[in-house]
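As provided, final37.cif (mmCIF, C-alpha atoms) reads as follows.
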```
data_run
#
loop_
_atom_site.group_PDB
_atom_site.id
_atom_site.type_symbol
_atom_site.label_atom_id
_atom_site.label_comp_id
_atom_site.auth_asym_id
_atom_site.auth_seq_id
_atom_site.Cartn_x
_atom_site.Cartn_y
_atom_site.Cartn_z
ATOM 1 C CA MET A 129 30.245 -20.645 2.924
ATOM 2 C CA SER A 130 29.670 -21.261 6.659
ATOM 3 C CA VAL A 131 30.190 -18.948 9.602
ATOM 4 C CA THR A 132 30.846 -20.348 13.084
ATOM 5 C CA MET A 133 30.823 -18.273 16.265
ATOM 6 C CA THR A 134 32.728 -19.483 19.339
ATOM 7 C CA ARG A 135 32.476 -17.889 22.771
ATOM 8 C CA SER A 136 34.968 -18.516 25.545
ATOM 9 C CA ASP A 137 36.045 -16.421 28.576
ATOM 10 C CA GLY A 138 34.402 -13.254 27.278
ATOM 11 C CA VAL A 139 36.009 -13.644 23.832
ATOM 12 C CA THR A 140 33.932 -14.204 20.699
ATOM 13 C CA VAL A 141 35.662 -15.732 17.681
ATOM 14 C CA PHE A 142 34.114 -15.906 14.207
ATOM 15 C CA THR A 143 35.453 -18.691 11.979
ATOM 16 C CA LEU A 144 34.777 -18.344 8.253
ATOM 17 C CA THR A 145 34.933 -21.373 5.990
ATOM 18 C CA PRO A 146 34.902 -20.147 2.373
ATOM 19 C CA ASP A 147 33.547 -22.172 -0.508
ATOM 20 C CA PRO A 148 36.580 -23.366 -2.524
ATOM 21 C CA GLN A 149 34.449 -23.765 -5.658
ATOM 22 C CA SER A 150 33.332 -20.121 -5.595
ATOM 23 C CA SER A 151 35.308 -17.447 -7.435
ATOM 24 C CA LEU A 152 33.955 -14.692 -5.176
ATOM 25 C CA PRO A 153 36.197 -13.184 -2.491
ATOM 26 C CA PRO A 154 35.340 -14.095 1.145
ATOM 27 C CA ILE A 155 33.642 -10.751 1.915
ATOM 28 C CA CYS A 156 31.300 -11.203 -1.070
ATOM 29 C CA GLN A 157 30.523 -14.750 0.033
ATOM 30 C CA ILE A 158 29.625 -13.452 3.501
ATOM 31 C CA LEU A 159 27.313 -10.806 2.055
ATOM 32 C CA ARG A 160 25.691 -13.322 -0.257
ATOM 33 C CA GLY A 161 25.154 -15.706 2.633
ATOM 34 C CA LEU A 162 23.619 -12.972 4.768
ATOM 35 C CA CYS A 163 21.301 -11.823 1.974
ATOM 36 C CA TYR A 164 20.209 -15.333 0.990
ATOM 37 C CA SER A 165 19.403 -17.892 3.593
ATOM 38 C CA PRO A 166 17.476 -21.106 2.775
ATOM 39 C CA VAL A 167 15.515 -20.694 5.998
ATOM 40 C CA CYS A 168 14.184 -17.328 4.864
ATOM 41 C CA CYS A 169 14.069 -17.438 1.076
ATOM 42 C CA SER A 170 12.999 -21.007 0.277
ATOM 43 C CA VAL A 171 9.378 -21.713 -0.574
ATOM 44 C CA SER A 172 7.611 -23.355 2.337
ATOM 45 C CA GLN A 173 4.877 -25.864 1.561
ATOM 46 C CA ARG A 174 3.690 -25.542 5.136
ATOM 47 C CA LEU A 175 3.147 -21.785 4.702
ATOM 48 C CA LYS A 176 1.391 -22.429 1.405
ATOM 49 C CA LYS A 177 -0.947 -24.855 3.132
ATOM 50 C CA PHE A 178 -1.736 -22.425 5.952
ATOM 51 C CA GLN A 179 -2.426 -19.458 3.653
ATOM 52 C CA GLY A 180 -4.620 -21.227 1.123
ATOM 53 C CA ALA A 181 -6.056 -19.065 -1.669
ATOM 54 C CA SER A 182 -7.161 -16.188 0.575
ATOM 55 C CA GLN A 183 -4.187 -13.939 -0.172
ATOM 56 C CA SER A 184 -4.844 -14.019 -3.920
ATOM 57 C CA VAL A 185 -8.453 -12.959 -3.384
ATOM 58 C CA LEU A 186 -7.387 -10.157 -1.060
ATOM 59 C CA GLY A 187 -4.643 -9.185 -3.502
ATOM 60 C CA ALA A 188 -7.226 -8.897 -6.301
ATOM 61 C CA LEU A 189 -9.287 -6.601 -4.055
ATOM 62 C CA HIS A 190 -6.175 -4.491 -3.392
ATOM 63 C CA ILE A 191 -5.596 -4.092 -7.130
ATOM 64 C CA MET A 192 -9.258 -3.299 -7.823
ATOM 65 C CA VAL A 193 -9.301 -0.581 -5.136
ATOM 66 C CA GLY A 194 -6.036 0.851 -6.484
ATOM 67 C CA LEU A 195 -7.283 1.035 -10.077
ATOM 68 C CA LEU A 196 -10.568 2.665 -9.017
ATOM 69 C CA ASN A 197 -8.639 5.188 -6.914
ATOM 70 C CA ILE A 198 -6.530 6.144 -9.909
ATOM 71 C CA GLY A 199 -9.518 6.367 -12.258
ATOM 72 C CA LEU A 200 -11.894 8.303 -10.004
ATOM 73 C CA GLY A 201 -9.052 10.409 -8.604
ATOM 74 C CA THR A 202 -8.100 11.476 -12.131
ATOM 75 C CA ILE A 203 -11.663 12.721 -12.670
ATOM 76 C CA LEU A 204 -11.497 14.802 -9.491
ATOM 77 C CA LEU A 205 -8.058 16.165 -10.341
ATOM 78 C CA ASN A 206 -9.395 17.356 -13.691
ATOM 79 C CA CYS A 207 -11.935 19.380 -11.686
ATOM 80 C CA ALA A 208 -9.248 21.117 -9.657
ATOM 81 C CA SER A 209 -11.354 24.214 -9.029
ATOM 82 C CA VAL A 210 -13.793 22.233 -6.864
ATOM 83 C CA THR A 211 -11.352 20.032 -4.941
ATOM 84 C CA SER A 212 -9.355 20.644 -1.788
ATOM 85 C CA TRP A 213 -5.838 22.051 -1.993
ATOM 86 C CA GLN A 214 -4.475 18.817 -0.501
ATOM 87 C CA MET A 215 -5.741 16.854 -3.491
ATOM 88 C CA ARG A 216 -4.547 19.453 -6.000
ATOM 89 C CA ASP A 217 -1.056 19.768 -4.499
ATOM 90 C CA TYR A 218 -0.303 16.176 -3.521
ATOM 91 C CA GLU A 219 -2.450 14.214 -6.009
ATOM 92 C CA TYR A 220 -2.849 11.535 -3.378
ATOM 93 C CA PRO A 221 -5.506 9.471 -5.241
ATOM 94 C CA ILE A 222 -2.868 8.575 -7.843
ATOM 95 C CA TRP A 223 0.024 7.494 -5.635
ATOM 96 C CA MET A 224 -2.278 5.868 -3.081
ATOM 97 C CA GLY A 225 -3.796 3.841 -5.894
ATOM 98 C CA VAL A 226 -0.308 2.754 -6.972
ATOM 99 C CA LEU A 227 0.497 1.717 -3.384
ATOM 100 C CA PHE A 228 -2.714 -0.311 -3.106
ATOM 101 C CA ILE A 229 -1.826 -2.113 -6.357
ATOM 102 C CA LEU A 230 1.652 -2.848 -4.945
ATOM 103 C CA PHE A 231 0.094 -4.333 -1.802
ATOM 104 C CA GLY A 232 -2.078 -6.558 -3.983
ATOM 105 C CA ILE A 233 0.864 -7.777 -6.053
ATOM 106 C CA MET A 234 2.782 -8.632 -2.877
ATOM 107 C CA ASN A 235 -0.216 -10.563 -1.549
ATOM 108 C CA ILE A 236 -0.406 -12.648 -4.710
ATOM 109 C CA LEU A 237 3.356 -13.281 -4.749
ATOM 110 C CA SER A 238 3.339 -14.278 -1.067
ATOM 111 C CA GLU A 239 0.758 -16.948 -1.896
ATOM 112 C CA LYS A 240 2.363 -18.196 -5.100
ATOM 113 C CA PHE A 241 5.880 -18.246 -3.587
ATOM 114 C CA PRO A 242 5.287 -18.444 0.192
ATOM 115 C CA SER A 243 8.791 -18.068 1.554
ATOM 116 C CA PRO A 244 9.047 -16.641 5.098
ATOM 117 C CA CYS A 245 10.822 -13.506 3.808
ATOM 118 C CA LEU A 246 8.116 -12.783 1.245
ATOM 119 C CA VAL A 247 5.301 -13.396 3.726
ATOM 120 C CA ILE A 248 6.953 -11.138 6.318
ATOM 121 C CA LEU A 249 7.425 -8.422 3.676
ATOM 122 C CA SER A 250 3.770 -8.734 2.648
ATOM 123 C CA VAL A 251 2.632 -8.476 6.275
ATOM 124 C CA THR A 252 4.816 -5.390 6.789
ATOM 125 C CA LEU A 253 3.408 -3.682 3.693
ATOM 126 C CA ASN A 254 -0.158 -4.479 4.717
ATOM 127 C CA LEU A 255 0.410 -3.074 8.189
ATOM 128 C CA SER A 256 1.666 0.137 6.623
ATOM 129 C CA GLY A 257 -1.349 -0.014 4.311
ATOM 130 C CA VAL A 258 -3.620 0.314 7.347
ATOM 131 C CA ALA A 259 -2.193 3.786 7.965
ATOM 132 C CA PHE A 260 -2.545 4.746 4.292
ATOM 133 C CA ALA A 261 -6.169 3.569 4.202
ATOM 134 C CA ILE A 262 -7.036 5.601 7.315
ATOM 135 C CA ALA A 263 -5.307 8.628 5.779
ATOM 136 C CA ALA A 264 -7.287 8.137 2.562
ATOM 137 C CA ILE A 265 -10.579 8.080 4.476
ATOM 138 C CA ALA A 266 -9.710 11.327 6.266
ATOM 139 C CA LEU A 267 -8.493 13.069 3.090
ATOM 140 C CA TYR A 268 -11.555 12.136 1.040
ATOM 141 C CA ILE A 269 -13.867 13.346 3.824
ATOM 142 C CA ILE A 270 -11.981 16.658 3.855
ATOM 143 C CA ASN A 271 -12.353 16.865 0.086
ATOM 144 C CA VAL A 272 -16.134 16.406 0.355
ATOM 145 C CA LEU A 273 -16.344 19.244 2.859
ATOM 146 C CA LYS A 274 -14.229 21.514 0.612
ATOM 147 C CA ILE A 275 -16.416 21.212 -2.493
ATOM 148 C CA TRP A 276 -17.455 24.735 -3.473
ATOM 149 C CA LEU A 277 -19.648 25.494 -6.495
ATOM 150 C CA GLU A 278 -21.242 28.837 -5.616
ATOM 151 C CA TRP A 279 -19.091 30.531 -8.259
ATOM 152 C CA MET A 280 -21.023 28.715 -11.006
ATOM 153 C CA CYS A 281 -24.153 30.826 -10.553
ATOM 154 C CA ASP A 282 -23.111 34.331 -9.612
ATOM 155 C CA ASP A 283 -25.800 36.984 -9.824
ATOM 156 C CA TYR A 284 -23.993 38.614 -12.710
ATOM 157 C CA ASP A 285 -21.312 38.004 -15.297
ATOM 158 C CA TYR A 286 -18.968 40.315 -17.131
ATOM 159 C CA ASN A 287 -19.256 40.859 -20.867
ATOM 160 C CA TYR A 288 -15.784 41.728 -22.101
ATOM 161 C CA GLU A 289 -17.025 42.841 -25.530
ATOM 162 C CA ASN A 290 -19.515 45.439 -24.290
ATOM 163 C CA ARG A 291 -17.610 46.214 -21.078
ATOM 164 C CA HIS A 292 -20.602 45.908 -18.774
ATOM 165 C CA ARG A 293 -22.168 43.541 -16.282
ATOM 166 C CA VAL A 294 -24.678 41.004 -17.571
ATOM 167 C CA THR A 295 -27.371 39.864 -15.167
ATOM 168 C CA PRO A 296 -28.807 36.437 -16.049
ATOM 169 C CA SER A 297 -32.513 36.005 -16.511
ATOM 170 C CA PRO A 298 -34.547 33.989 -13.970
ATOM 171 C CA GLU A 299 -34.762 31.089 -16.426
ATOM 172 C CA GLU A 300 -30.986 31.076 -16.908
ATOM 173 C CA MET A 301 -30.455 31.287 -13.155
ATOM 174 C CA THR A 302 -32.810 28.357 -12.570
ATOM 175 C CA LYS A 303 -31.042 26.276 -15.218
ATOM 176 C CA CYS A 304 -27.654 27.184 -13.750
ATOM 177 C CA LEU A 305 -28.758 26.195 -10.246
ATOM 178 C CA GLU A 306 -30.035 22.850 -11.542
ATOM 179 C CA THR A 307 -26.705 22.249 -13.265
ATOM 180 C CA GLN A 308 -24.869 23.219 -10.089
ATOM 181 C CA ASP A 309 -26.896 20.743 -8.037
ATOM 182 C CA LEU A 310 -26.235 17.996 -10.587
ATOM 183 C CA VAL A 311 -22.468 18.632 -10.629
ATOM 184 C CA LEU A 312 -22.431 18.774 -6.825
ATOM 185 C CA MET A 313 -24.256 15.436 -6.607
ATOM 186 C CA ILE A 314 -21.816 13.809 -9.047
ATOM 187 C CA LEU A 315 -18.754 15.106 -7.201
ATOM 188 C CA ARG A 316 -20.123 14.026 -3.833
ATOM 189 C CA SER A 317 -20.982 10.598 -5.246
ATOM 190 C CA ILE A 318 -17.437 10.124 -6.562
ATOM 191 C CA ASN A 319 -16.001 11.118 -3.194
ATOM 192 C CA ALA A 320 -18.451 8.811 -1.414
ATOM 193 C CA VAL A 321 -17.327 5.894 -3.605
ATOM 194 C CA LEU A 322 -13.682 6.710 -2.822
ATOM 195 C CA ILE A 323 -14.447 6.790 0.918
ATOM 196 C CA VAL A 324 -16.159 3.389 0.669
ATOM 197 C CA LEU A 325 -13.166 2.045 -1.270
ATOM 198 C CA ALA A 326 -10.798 3.388 1.404
ATOM 199 C CA VAL A 327 -12.845 1.625 4.097
ATOM 200 C CA LEU A 328 -12.721 -1.563 2.007
ATOM 201 C CA GLU A 329 -8.956 -1.149 1.648
ATOM 202 C CA LEU A 330 -8.653 -0.787 5.426
ATOM 203 C CA CYS A 331 -10.527 -4.068 5.939
ATOM 204 C CA VAL A 332 -8.477 -5.836 3.254
ATOM 205 C CA THR A 333 -5.118 -4.706 4.639
ATOM 206 C CA ILE A 334 -6.061 -5.779 8.166
ATOM 207 C CA SER A 335 -7.297 -9.164 6.898
ATOM 208 C CA SER A 336 -4.161 -9.729 4.810
ATOM 209 C CA ALA A 337 -1.861 -8.852 7.706
ATOM 210 C CA VAL A 338 -3.765 -11.079 10.140
ATOM 211 C CA LEU A 339 -3.717 -14.047 7.743
ATOM 212 C CA GLY A 340 0.014 -13.636 7.154
ATOM 213 C CA ILE A 341 0.780 -13.386 10.873
ATOM 214 C CA LYS A 342 -1.358 -16.471 11.595
ATOM 215 C CA ALA A 343 0.435 -18.444 8.874
ATOM 216 C CA LEU A 344 3.857 -17.491 10.250
ATOM 217 C CA LYS A 345 2.751 -18.254 13.809
ATOM 218 C CA GLN A 346 1.317 -21.663 12.927
ATOM 219 C CA LYS A 347 4.428 -22.558 10.967
ATOM 220 C CA THR A 348 6.579 -21.698 13.987
ATOM 221 C CA GLU A 349 4.403 -23.607 16.444
ATOM 222 C CA ASN A 350 4.238 -26.733 14.267
ATOM 223 C CA LYS A 351 7.958 -27.158 13.638
ATOM 224 C CA CYS A 352 9.383 -30.637 14.122
ATOM 225 C CA PRO A 353 12.875 -32.103 13.613
ATOM 226 C CA ASP A 354 11.821 -34.114 10.566
ATOM 227 C CA ASP A 355 10.141 -31.158 8.861
ATOM 228 C CA PRO A 356 11.617 -30.812 5.324
ATOM 229 C CA ASP A 357 11.249 -27.034 5.671
ATOM 230 C CA GLN A 358 13.968 -26.943 8.316
ATOM 231 C CA TYR A 359 17.355 -25.789 7.089
ATOM 232 C CA LYS A 360 20.772 -25.341 8.510
ATOM 233 C CA PRO A 361 21.223 -21.727 9.691
ATOM 234 C CA LEU A 362 23.924 -19.498 8.276
ATOM 235 C CA LEU A 363 25.495 -18.790 11.659
ATOM 236 C CA GLU A 364 26.264 -21.656 14.011
ATOM 237 C CA GLU A 365 27.196 -20.985 17.606
ATOM 238 C CA VAL A 366 29.687 -23.274 19.256
ATOM 239 C CA THR A 367 30.222 -22.921 22.978
ATOM 240 C CA SER A 368 33.607 -24.110 24.122
ATOM 241 C CA ASN A 369 34.282 -24.733 27.792
ATOM 242 C CA PRO A 370 37.829 -24.096 28.962
ATOM 243 C CA ALA A 371 39.670 -27.188 30.121
ATOM 244 C CA GLY A 372 40.144 -27.482 33.797
#
```

Represent the supplied structure as structure tokens.
Amino acid sequence: MSVTMTRSDGVTVFTLTPDPQSSLPPICQILRGLCYSPVCCSVSQRLKKFQGASQSVLGALHIMVGLLNIGLGTILLNCASVTSWQMRDYEYPIWMGVLFILFGIMNILSEKFPSPCLVILSVTLNLSGVAFAIAAIALYIINVLKIWLEWMCDDYDYNYENRHRVTPSPEEMTKCLETQDLVLMILRSINAVLIVLAVLELCVTISSAVLGIKALKQKTENKCPDDPDQYKPLLEEVTSNPAG
């Protein structure tokens, strides 16, 4: 199906030429033509050449960061009493990890099947990933500051059988404080790793977006009439001049 637009004396006329071999009604043919255009959806060898293998490497880094976010975030969520309320309520390590994996899959697909639409979609997702990575850095820093373990070594405990307060001995208090320091170090280390991963994700998303934009820009600048990647557009504009 082809769509032709004609402008004359302030009047715009759209001429639709349906495909006689198609069983779809004209409106469905129009929608199909708008959703699928060879210019946008066909694999471009020129884009593939410009991108190289960089997007697959960056995509693998995306997936690695996402999996580590899910794994380490699950550990922190199982220690809900020592995490911030933002992490407990929103469980952001899990869904951020899923998003990072999605960004990585899109990077790999945009390299394996480098159509302009897929590359543009990958660039858009990576640009949004910059905001998510910055948010992850801020949230993990907040979580480090909210770690609270003083409750582990109170000066006394309550014995429910004898109905009286039990004061720990100095040896028990020393052992408890050592355990508290160890747990605190482990929790801070996990959060530090997650902050480093968020910084890495920020660098990866910026790099992926820049590479995609450069590939699209170079493809546009190097167009030529004999380029096999050039296709006939869906909408052709015909300007008619009135006689006389």

- Message: At a cut-off of 10 Å, using only C-alpha atoms, what residues contact Leu305 in chain A? Leave out same-chain residues fewer than 3 positions from it and give the result as a ChimeraX atom specification.
- Response: /A:277-278,280-282,299-302,308-311

- Check what the PyMOL selection byres ((chain A and resi 315) around 12) selects in the file above and give those residues as a ChimeraX atom specification. /A:200-201,203-211,268,271-277,308-314,316-322

With C-alpha atoms retained, export the selected residues as a CSV table (one decimal), in the coordinates of the input.
```
chain,number,residue,atom,x,y,z
A,200,LEU,CA,-11.9,8.3,-10.0
A,201,GLY,CA,-9.1,10.4,-8.6
A,203,ILE,CA,-11.7,12.7,-12.7
A,204,LEU,CA,-11.5,14.8,-9.5
A,205,LEU,CA,-8.1,16.2,-10.3
A,206,ASN,CA,-9.4,17.4,-13.7
A,207,CYS,CA,-11.9,19.4,-11.7
A,208,ALA,CA,-9.2,21.1,-9.7
A,209,SER,CA,-11.4,24.2,-9.0
A,210,VAL,CA,-13.8,22.2,-6.9
A,211,THR,CA,-11.4,20.0,-4.9
A,268,TYR,CA,-11.6,12.1,1.0
A,271,ASN,CA,-12.4,16.9,0.1
A,272,VAL,CA,-16.1,16.4,0.4
A,273,LEU,CA,-16.3,19.2,2.9
A,274,LYS,CA,-14.2,21.5,0.6
A,275,ILE,CA,-16.4,21.2,-2.5
A,276,TRP,CA,-17.5,24.7,-3.5
A,277,LEU,CA,-19.6,25.5,-6.5
A,308,GLN,CA,-24.9,23.2,-10.1
A,309,ASP,CA,-26.9,20.7,-8.0
A,310,LEU,CA,-26.2,18.0,-10.6
A,311,VAL,CA,-22.5,18.6,-10.6
A,312,LEU,CA,-22.4,18.8,-6.8
A,313,MET,CA,-24.3,15.4,-6.6
A,314,ILE,CA,-21.8,13.8,-9.0
A,316,ARG,CA,-20.1,14.0,-3.8
A,317,SER,CA,-21.0,10.6,-5.2
A,318,ILE,CA,-17.4,10.1,-6.6
A,319,ASN,CA,-16.0,11.1,-3.2
A,320,ALA,CA,-18.5,8.8,-1.4
A,321,VAL,CA,-17.3,5.9,-3.6
A,322,LEU,CA,-13.7,6.7,-2.8
```

- Provide the CA of Ala181 in chain A to CA of Ile236 in chain A distance in Å, to one decimal place. 9.1 Å

- Between CA of Glu239 in chain A and CA of Leu189 in chain A, what is the distance, to one decimal in Å?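 Taking CA of Glu239 in chain A and CA of Leu189 in chain A, their separation equals 14.6 Å.
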
Is it possible to get the axis-aligned box enclosing range 253-259 of chain A (all listed atoms, 3 Å extra per side) as JSON, with centre and edge lengths in Å rounded to one decimal?
```
{"center_x": -0.1, "center_y": -0.3, "center_z": 5.9, "size_x": 13.0, "size_y": 14.3, "size_z": 10.5}
```

- Task: Have a look at A:Leu249, A:Leu196, A:Met215, A:Ile229 and name the one nearest to Leu344 in chain A; count only C-alpha atoms.
- Result: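 Closest to Leu344 in chain A, using only C-alpha atoms: A:Leu249.
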
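Among A:Val193, A:Ile198, A:Ile248, A:Met224, the residue with the shortest atom-to-atom distance to Val338 in chain A, counting only C-alpha atoms, is A:Ile248.
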
- Query: What is the CA of Arg216 in chain A to CA of Glu329 in chain A distance in Å?
  - Reply: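 Distance reported for this atom pair: 22.4 Å.
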
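For the set A:Ala266, A:Val139, A:Ala337, A:Leu175, the residue with the smallest atom-to-atom gap to Asn254 in chain A is A:Ala337, counting only C-alpha atoms.
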
- Task: Could you tell me which of A:Trp223, A:Phe231, A:Phe178, A:Phe241 comes closest to Gly199 in chain A if we count only C-alpha atoms?
- Result: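 Of A:Trp223, A:Phe231, A:Phe178, A:Phe241, the one nearest Gly199 in chain A, counting only C-alpha atoms, is A:Trp223.
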
- Residues picked by the PyMOL selection byres ((chain A and resi 228) around 12) here, as a VMD selection string? chain A and resid 186 to 198 220 to 227 229 to 235 253 to 254 256 to 261 264 325 to 326 328 to 330 332 to 333

- Using all atoms listed in the file, the best pick from A:Gln214, A:Thr202, A:Ser182, A:Ser297 as closest to Ser335 in chain A would be A:Ser182
